[in-house]
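Peer 1: PDB, C-alpha atoms, pLDDT in the B column, saved as entry_8.pdb, coming up:
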```pdb
ATOM      1  CA  MET A  30      89.178  39.730  64.256  1.00 62.00           C
ATOM      2  CA  THR A  31      85.767  38.036  64.347  1.00 63.00           C
ATOM      3  CA  GLU A  32      83.322  38.217  61.436  1.00 64.00           C
ATOM      4  CA  PRO A  33      80.944  40.581  63.331  1.00 56.00           C
ATOM      5  CA  GLU A  34      83.927  42.854  64.107  1.00 55.00           C
ATOM      6  CA  LYS A  35      84.904  42.876  60.420  1.00 60.00           C
ATOM      7  CA  LYS A  36      81.347  43.845  59.491  1.00 54.00           C
ATOM      8  CA  LEU A  37      81.322  46.597  62.097  1.00 50.00           C
ATOM      9  CA  ASN A  38      84.618  47.989  60.804  1.00 56.00           C
ATOM     10  CA  ARG A  39      83.422  47.827  57.195  1.00 58.00           C
ATOM     11  CA  LEU A  40      80.189  49.643  57.991  1.00 53.00           C
ATOM     12  CA  ALA A  41      81.968  52.096  60.297  1.00 54.00           C
ATOM     13  CA  SER A  42      84.065  53.176  57.324  1.00 58.00           C
ATOM     14  CA  GLN A  43      80.886  54.619  55.794  1.00 59.00           C
ATOM     15  CA  PHE A  44      79.513  56.283  58.920  1.00 58.00           C
ATOM     16  CA  ASP A  45      80.727  57.681  62.206  1.00 58.00           C
ATOM     17  CA  ALA A  46      81.833  54.799  64.418  1.00 55.00           C
ATOM     18  CA  GLY A  47      79.552  55.849  67.286  1.00 59.00           C
ATOM     19  CA  ILE A  48      76.547  55.506  65.053  1.00 58.00           C
ATOM     20  CA  THR A  49      77.458  52.010  63.929  1.00 56.00           C
ATOM     21  CA  ASP A  50      78.264  50.863  67.485  1.00 60.00           C
ATOM     22  CA  GLU A  51      74.812  52.025  68.660  1.00 62.00           C
ATOM     23  CA  ARG A  52      72.995  50.399  65.729  1.00 56.00           C
ATOM     24  CA  LYS A  53      74.781  47.087  66.174  1.00 59.00           C
ATOM     25  CA  ALA A  54      73.853  47.043  69.858  1.00 61.00           C
ATOM     26  CA  GLU A  55      70.214  47.949  69.150  1.00 62.00           C
ATOM     27  CA  SER A  56      69.497  45.675  66.222  1.00 65.00           C
ATOM     28  CA  GLY A  57      71.913  43.144  64.819  1.00 69.00           C
ATOM     29  CA  ALA A  58      69.532  42.161  62.000  1.00 77.00           C
ATOM     30  CA  VAL A  59      69.109  45.741  60.774  1.00 76.00           C
ATOM     31  CA  PHE A  60      72.831  46.301  61.083  1.00 72.00           C
ATOM     32  CA  ASP A  61      73.564  43.174  59.038  1.00 77.00           C
ATOM     33  CA  ALA A  62      71.103  44.249  56.329  1.00 80.00           C
ATOM     34  CA  VAL A  63      72.619  47.730  56.044  1.00 74.00           C
ATOM     35  CA  ASP A  64      76.123  46.287  56.129  1.00 75.00           C
ATOM     36  CA  GLY A  65      75.167  43.983  53.252  1.00 78.00           C
ATOM     37  CA  LEU A  66      73.866  46.907  51.220  1.00 77.00           C
ATOM     38  CA  TRP A  67      76.956  49.082  51.752  1.00 73.00           C
ATOM     39  CA  SER A  68      79.252  46.126  51.190  1.00 76.00           C
ATOM     40  CA  ALA A  69      77.590  45.405  47.832  1.00 77.00           C
ATOM     41  CA  VAL A  70      77.817  49.064  46.806  1.00 74.00           C
ATOM     42  CA  MET A  71      81.430  49.531  47.825  1.00 77.00           C
ATOM     43  CA  SER A  72      82.772  46.173  46.599  1.00 81.00           C
ATOM     44  CA  GLY A  73      80.997  46.188  43.230  1.00 80.00           C
ATOM     45  CA  PRO A  74      83.416  46.161  40.274  1.00 85.00           C
ATOM     46  CA  HIS A  75      81.565  48.551  37.971  1.00 88.00           C
ATOM     47  CA  LEU A  76      82.811  51.857  39.369  1.00 89.00           C
ATOM     48  CA  SER A  77      86.298  52.862  40.363  1.00 93.00           C
ATOM     49  CA  PRO A  78      86.951  53.726  44.019  1.00 92.00           C
ATOM     50  CA  ARG A  79      87.380  57.355  42.885  1.00 95.00           C
ATOM     51  CA  MET A  80      83.944  57.427  41.269  1.00 94.00           C
ATOM     52  CA  LYS A  81      82.278  55.693  44.218  1.00 92.00           C
ATOM     53  CA  GLU A  82      83.660  58.342  46.560  1.00 92.00           C
ATOM     54  CA  LEU A  83      82.639  61.187  44.238  1.00 94.00           C
ATOM     55  CA  ILE A  84      79.091  59.803  44.085  1.00 92.00           C
ATOM     56  CA  LEU A  85      78.984  59.523  47.874  1.00 89.00           C
ATOM     57  CA  LEU A  86      80.274  63.096  48.093  1.00 92.00           C
ATOM     58  CA  ALA A  87      77.424  64.217  45.819  1.00 93.00           C
ATOM     59  CA  LEU A  88      74.927  62.261  47.907  1.00 89.00           C
ATOM     60  CA  HIS A  89      76.049  63.760  51.206  1.00 89.00           C
ATOM     61  CA  ALA A  90      76.550  67.297  49.837  1.00 92.00           C
ATOM     62  CA  SER A  91      73.153  67.510  48.134  1.00 89.00           C
ATOM     63  CA  PRO A  92      70.725  69.987  49.697  1.00 83.00           C
ATOM     64  CA  SER A  93      68.272  67.256  50.642  1.00 80.00           C
ATOM     65  CA  ALA A  94      70.822  65.237  52.632  1.00 82.00           C
ATOM     66  CA  LEU A  95      73.504  67.724  53.655  1.00 83.00           C
ATOM     67  CA  ASN A  96      75.873  65.959  56.039  1.00 85.00           C
ATOM     68  CA  GLU A  97      78.992  68.011  56.751  1.00 89.00           C
ATOM     69  CA  ARG A  98      80.988  65.230  58.414  1.00 87.00           C
ATOM     70  CA  ALA A  99      80.259  62.838  55.559  1.00 88.00           C
ATOM     71  CA  VAL A 100      81.210  65.527  53.015  1.00 92.00           C
ATOM     72  CA  VAL A 101      84.579  66.030  54.714  1.00 92.00           C
ATOM     73  CA  ARG A 102      85.103  62.251  54.963  1.00 90.00           C
ATOM     74  CA  HIS A 103      84.275  61.622  51.290  1.00 91.00           C
ATOM     75  CA  ILE A 104      86.408  64.522  50.058  1.00 95.00           C
ATOM     76  CA  ALA A 105      89.386  62.977  51.850  1.00 94.00           C
ATOM     77  CA  ARG A 106      88.542  59.489  50.600  1.00 92.00           C
ATOM     78  CA  ALA A 107      87.994  60.742  47.033  1.00 95.00           C
ATOM     79  CA  ARG A 108      91.431  62.364  47.097  1.00 96.00           C
ATOM     80  CA  GLU A 109      92.952  59.120  48.415  1.00 95.00           C
ATOM     81  CA  ALA A 110      91.237  57.286  45.537  1.00 95.00           C
ATOM     82  CA  GLY A 111      92.784  59.630  42.958  1.00 97.00           C
ATOM     83  CA  ALA A 112      90.238  62.441  42.602  1.00 97.00           C
ATOM     84  CA  SER A 113      91.670  65.875  41.911  1.00 96.00           C
ATOM     85  CA  ASN A 114      90.558  69.078  43.564  1.00 95.00           C
ATOM     86  CA  ASN A 115      88.956  69.950  40.212  1.00 95.00           C
ATOM     87  CA  ASP A 116      86.942  66.704  40.358  1.00 96.00           C
ATOM     88  CA  ILE A 117      85.681  67.590  43.831  1.00 95.00           C
ATOM     89  CA  VAL A 118      84.692  71.118  42.805  1.00 94.00           C
ATOM     90  CA  ASP A 119      83.081  69.710  39.654  1.00 95.00           C
ATOM     91  CA  VAL A 120      80.906  67.395  41.784  1.00 95.00           C
ATOM     92  CA  LEU A 121      79.814  70.227  44.071  1.00 93.00           C
ATOM     93  CA  VAL A 122      78.978  72.575  41.190  1.00 91.00           C
ATOM     94  CA  THR A 123      77.217  69.790  39.273  1.00 91.00           C
ATOM     95  CA  ILE A 124      74.813  69.117  42.161  1.00 91.00           C
ATOM     96  CA  LEU A 125      74.161  72.801  42.853  1.00 87.00           C
ATOM     97  CA  PRO A 126      71.014  72.814  40.670  1.00 84.00           C
ATOM     98  CA  LEU A 127      69.416  70.320  43.063  1.00 85.00           C
ATOM     99  CA  ALA A 128      68.839  73.313  45.319  1.00 83.00           C
ATOM    100  CA  ASN A 129      66.282  74.452  42.742  1.00 83.00           C
ATOM    101  CA  HIS A 130      63.847  71.660  43.557  1.00 84.00           C
ATOM    102  CA  PRO A 131      62.040  73.593  46.325  1.00 86.00           C
ATOM    103  CA  LEU A 132      61.147  76.198  43.699  1.00 85.00           C
ATOM    104  CA  TYR A 133      59.584  73.487  41.551  1.00 84.00           C
ATOM    105  CA  VAL A 134      57.240  72.727  44.444  1.00 86.00           C
ATOM    106  CA  GLY A 135      56.956  76.212  45.921  1.00 88.00           C
ATOM    107  CA  LEU A 136      56.003  78.264  42.873  1.00 87.00           C
ATOM    108  CA  PRO A 137      52.845  76.273  42.064  1.00 86.00           C
ATOM    109  CA  LEU A 138      51.880  76.462  45.749  1.00 90.00           C
ATOM    110  CA  LEU A 139      52.432  80.219  45.736  1.00 89.00           C
ATOM    111  CA  MET A 140      50.273  80.656  42.631  1.00 87.00           C
ATOM    112  CA  ASP A 141      47.542  78.512  44.198  1.00 90.00           C
ATOM    113  CA  GLU A 142      47.635  80.518  47.430  1.00 93.00           C
ATOM    114  CA  LEU A 143      47.536  83.806  45.520  1.00 90.00           C
ATOM    115  CA  SER A 144      44.438  82.588  43.669  1.00 90.00           C
ATOM    116  CA  LYS A 145      42.791  81.457  46.910  1.00 93.00           C
ATOM    117  CA  ALA A 146      43.492  84.889  48.389  1.00 93.00           C
ATOM    118  CA  GLY A 147      41.713  86.534  45.467  1.00 93.00           C
ATOM    119  CA  MET A 148      44.949  87.800  43.987  1.00 91.00           C
ATOM    120  CA  ASP A 149      44.588  86.094  40.617  1.00 87.00           C
ATOM    121  CA  ASP A 150      46.230  89.017  38.836  1.00 86.00           C
ATOM    122  CA  GLN A 151      49.452  88.291  40.758  1.00 83.00           C
ATOM    123  CA  ALA A 152      49.246  84.550  40.044  1.00 81.00           C
ATOM    124  CA  VAL A 153      49.560  85.069  36.300  1.00 82.00           C
ATOM    125  CA  VAL A 154      52.843  83.752  34.942  1.00 82.00           C
ATOM    126  CA  PRO A 155      54.556  86.538  32.992  1.00 86.00           C
ATOM    127  CA  PRO A 156      55.984  85.794  29.541  1.00 91.00           C
ATOM    128  CA  ILE A 157      59.542  84.515  29.299  1.00 92.00           C
ATOM    129  CA  ARG A 158      62.086  87.107  28.169  1.00 93.00           C
ATOM    130  CA  ASP A 159      63.544  86.561  24.700  1.00 95.00           C
ATOM    131  CA  ASP A 160      67.102  86.122  26.018  1.00 95.00           C
ATOM    132  CA  LEU A 161      65.872  83.339  28.304  1.00 94.00           C
ATOM    133  CA  CYS A 162      64.043  81.642  25.449  1.00 94.00           C
ATOM    134  CA  ALA A 163      67.372  81.603  23.603  1.00 95.00           C
ATOM    135  CA  MET A 164      69.070  80.119  26.699  1.00 93.00           C
ATOM    136  CA  LYS A 165      66.372  77.462  26.868  1.00 93.00           C
ATOM    137  CA  GLU A 166      66.858  76.534  23.203  1.00 94.00           C
ATOM    138  CA  ASP A 167      70.623  76.340  23.692  1.00 92.00           C
ATOM    139  CA  TYR A 168      70.172  74.181  26.797  1.00 90.00           C
ATOM    140  CA  LEU A 169      67.792  71.852  24.958  1.00 92.00           C
ATOM    141  CA  ARG A 170      70.187  71.565  22.032  1.00 91.00           C
ATOM    142  CA  ARG A 171      73.130  70.694  24.269  1.00 87.00           C
ATOM    143  CA  ARG A 172      71.483  68.732  27.079  1.00 85.00           C
ATOM    144  CA  GLY A 173      68.177  67.551  25.630  1.00 83.00           C
ATOM    145  CA  GLY A 174      65.958  67.716  28.718  1.00 85.00           C
ATOM    146  CA  TRP A 175      63.673  70.388  30.111  1.00 87.00           C
ATOM    147  CA  THR A 176      60.867  70.645  32.642  1.00 85.00           C
ATOM    148  CA  ALA A 177      57.846  72.922  32.472  1.00 85.00           C
ATOM    149  CA  MET A 178      58.718  74.277  35.916  1.00 86.00           C
ATOM    150  CA  ARG A 179      61.866  75.816  34.489  1.00 89.00           C
ATOM    151  CA  ASP A 180      59.635  77.972  32.302  1.00 90.00           C
ATOM    152  CA  GLN A 181      57.818  79.246  35.382  1.00 87.00           C
ATOM    153  CA  ILE A 182      61.073  79.992  37.176  1.00 90.00           C
ATOM    154  CA  ALA A 183      62.322  81.804  34.062  1.00 92.00           C
ATOM    155  CA  SER A 184      59.127  83.866  33.991  1.00 90.00           C
ATOM    156  CA  TRP A 185      58.943  84.731  37.684  1.00 88.00           C
ATOM    157  CA  MET A 186      62.662  85.011  38.465  1.00 91.00           C
ATOM    158  CA  PRO A 187      64.420  85.873  35.191  1.00 94.00           C
ATOM    159  CA  ASP A 188      67.788  87.067  36.538  1.00 95.00           C
ATOM    160  CA  TYR A 189      68.041  84.130  38.923  1.00 93.00           C
ATOM    161  CA  PHE A 190      67.089  81.774  36.116  1.00 91.00           C
ATOM    162  CA  ALA A 191      69.773  83.121  33.771  1.00 94.00           C
ATOM    163  CA  ALA A 192      72.413  82.614  36.464  1.00 93.00           C
ATOM    164  CA  PHE A 193      70.990  79.168  37.262  1.00 90.00           C
ATOM    165  CA  ILE A 194      71.231  77.957  33.650  1.00 91.00           C
ATOM    166  CA  LYS A 195      74.788  79.281  33.328  1.00 91.00           C
ATOM    167  CA  THR A 196      75.687  77.430  36.532  1.00 89.00           C
ATOM    168  CA  CYS A 197      74.055  74.226  35.262  1.00 86.00           C
ATOM    169  CA  MET A 198      76.024  74.376  32.034  1.00 89.00           C
ATOM    170  CA  ALA A 199      79.419  75.391  33.470  1.00 89.00           C
ATOM    171  CA  PRO A 200      80.509  71.903  34.588  1.00 89.00           C
ATOM    172  CA  TRP A 201      79.359  70.364  31.325  1.00 88.00           C
ATOM    173  CA  GLU A 202      81.477  72.854  29.390  1.00 88.00           C
ATOM    174  CA  ASN A 203      84.544  73.152  31.606  1.00 90.00           C
ATOM    175  CA  GLY A 204      84.435  70.484  34.307  1.00 91.00           C
ATOM    176  CA  SER A 205      86.994  67.749  34.869  1.00 94.00           C
ATOM    177  CA  LEU A 206      84.476  64.884  34.978  1.00 94.00           C
ATOM    178  CA  ALA A 207      83.471  62.966  31.885  1.00 92.00           C
ATOM    179  CA  PRO A 208      79.802  63.379  30.872  1.00 88.00           C
ATOM    180  CA  MET A 209      79.081  59.752  31.846  1.00 89.00           C
ATOM    181  CA  GLU A 210      80.554  60.362  35.311  1.00 91.00           C
ATOM    182  CA  ARG A 211      78.569  63.568  35.741  1.00 88.00           C
ATOM    183  CA  GLU A 212      75.290  61.847  34.866  1.00 86.00           C
ATOM    184  CA  LEU A 213      75.783  59.520  37.840  1.00 86.00           C
ATOM    185  CA  LEU A 214      75.726  62.508  40.199  1.00 84.00           C
ATOM    186  CA  TYR A 215      72.119  63.539  39.559  1.00 75.00           C
TER     187      TYR A 215
END
```
Please go through the file and, once you have read it, give me the structure as structure tokens.
Peer 2:
Amino acid sequence: MTEPEKKLNRLASQFDAGITDERKAESGAVFDAVDGLWSAVMSGPHLSPRMKELILLALHASPSALNERAVVRHIARAREAGASNNDIVDVLVTILPLANHPLYVGLPLLMDELSKAGMDDQAVVPPIRDDLCAMKEDYLRRRGGWTAMRDQIASWMPDYFAAFIKTCMAPWENGSLAPMERELLY
């Protein structure tokens, strides 16, 4: 096998083969650059093959990059690398809060639009319920980080917020991944 064929096979292992064949034909220099990047990522000694595949699963399953074929591919490859079904579920539940990011952008826009429409009374952020304040304090104690937008979500969507925080904490309390592994998924 020639060196270009080896590169194509190596890169094809990360993507659908048809995609890599087209890219190689269109631009050898771009292909070589991307191949170099993926080769460095996948051959680096710092993470186990299992963890590399779980990170790639998180990347491809995240709401901002959802790629069903890549998710299926990385689930299979994670299993081959020693990941358990619990590890795979842990990854998918751990990244679930990423779906909240549109609310972080959308709620301020909604409040701005309500104000522009002369509906300032509806743009007022209601106070946070006491039970949610307690959840926030518990979250801060256990995880240490918080964003101001979470307060707005808690105020505007209290039941959703309570479920969201419980979902965020579930993998940290009961998941199969170590905390250090889980941090790599965000």
Peer 1: Determine the residue set returned by the PyMOL selection byres ((chain A and resi 123) around 12) for the present structure, and present it as a VMD selection string.
Peer 2: chain A and resid 83 to 84 86 to 88 90 to 91 115 to 122 124 to 128 193 to 208 210 to 215
Peer 1: Taking the file as shown, what set of residues would the PyMOL selection byres ((chain A and resi 186-190) around 10) give back, as a PyMOL selection string?
Peer 2: chain A and resi 129+155+157-158+160-161+164+179-185+191-196
Peer 1: When you count all atoms listed in the file, which of these residues is closest to A:Ala110: A:Arg98, A:His89, A:Lys81, A:His130?
Peer 2: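 Closest residue, counting all atoms listed in the file: A:Lys81.
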Peer 1: Would you work out the distance separating atom CA of A:Glu82 from atom CA of A:Val70, expressed in Å to one decimal?
Peer 2: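 Distance reported for this atom pair: 11.0 Å.
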Peer 1: Could you write out as JSON the box around stretch 128-134 of chain A (axis-aligned, all atoms listed in the file, 5 Å on each side), with centre and edge lengths in Å to one decimal?
Peer 2:
```
{"center_x": 63.0, "center_y": 73.9, "center_z": 43.9, "size_x": 21.6, "size_y": 14.5, "size_z": 14.8}
```
Peer 1: Please measure the separation of atom CA of A:Pro92 and atom CA of A:Ala107, giving the value in Å to one decimal.
Peer 2: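 It comes out at 19.8 Å.
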Peer 1: Pick the closest to A:Ile104 from A:Leu132, A:Leu85, A:Gly174, A:Gly65: which is it, counting all atoms listed in the file?
Peer 2: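 Nearest to A:Ile104: A:Leu85.
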Peer 1: What does the distance from atom CA of A:Arg79 to atom CA of A:Glu109 come to in Å, to one decimal?
Peer 2: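 Going from atom CA of A:Arg79 over to atom CA of A:Glu109, I get 8.0 Å.
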Peer 1: With only C-alpha atoms as the basis for distance, which of A:Lys165, A:Arg170, A:Arg108, A:Lys145 is at the shortest distance from A:Pro78?
Peer 2: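 Ranking A:Lys165, A:Arg170, A:Arg108, A:Lys145 by distance to A:Pro78, first place goes to A:Arg108.
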Peer 1: Please determine, counting only C-alpha atoms, which residue among A:Asn96, A:Thr176, A:Ser77, A:Gln151 has the shortest atom-to-atom distance to A:Ala112.
Peer 2: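 Among A:Asn96, A:Thr176, A:Ser77, A:Gln151, it is A:Ser77 that comes nearest to A:Ala112.
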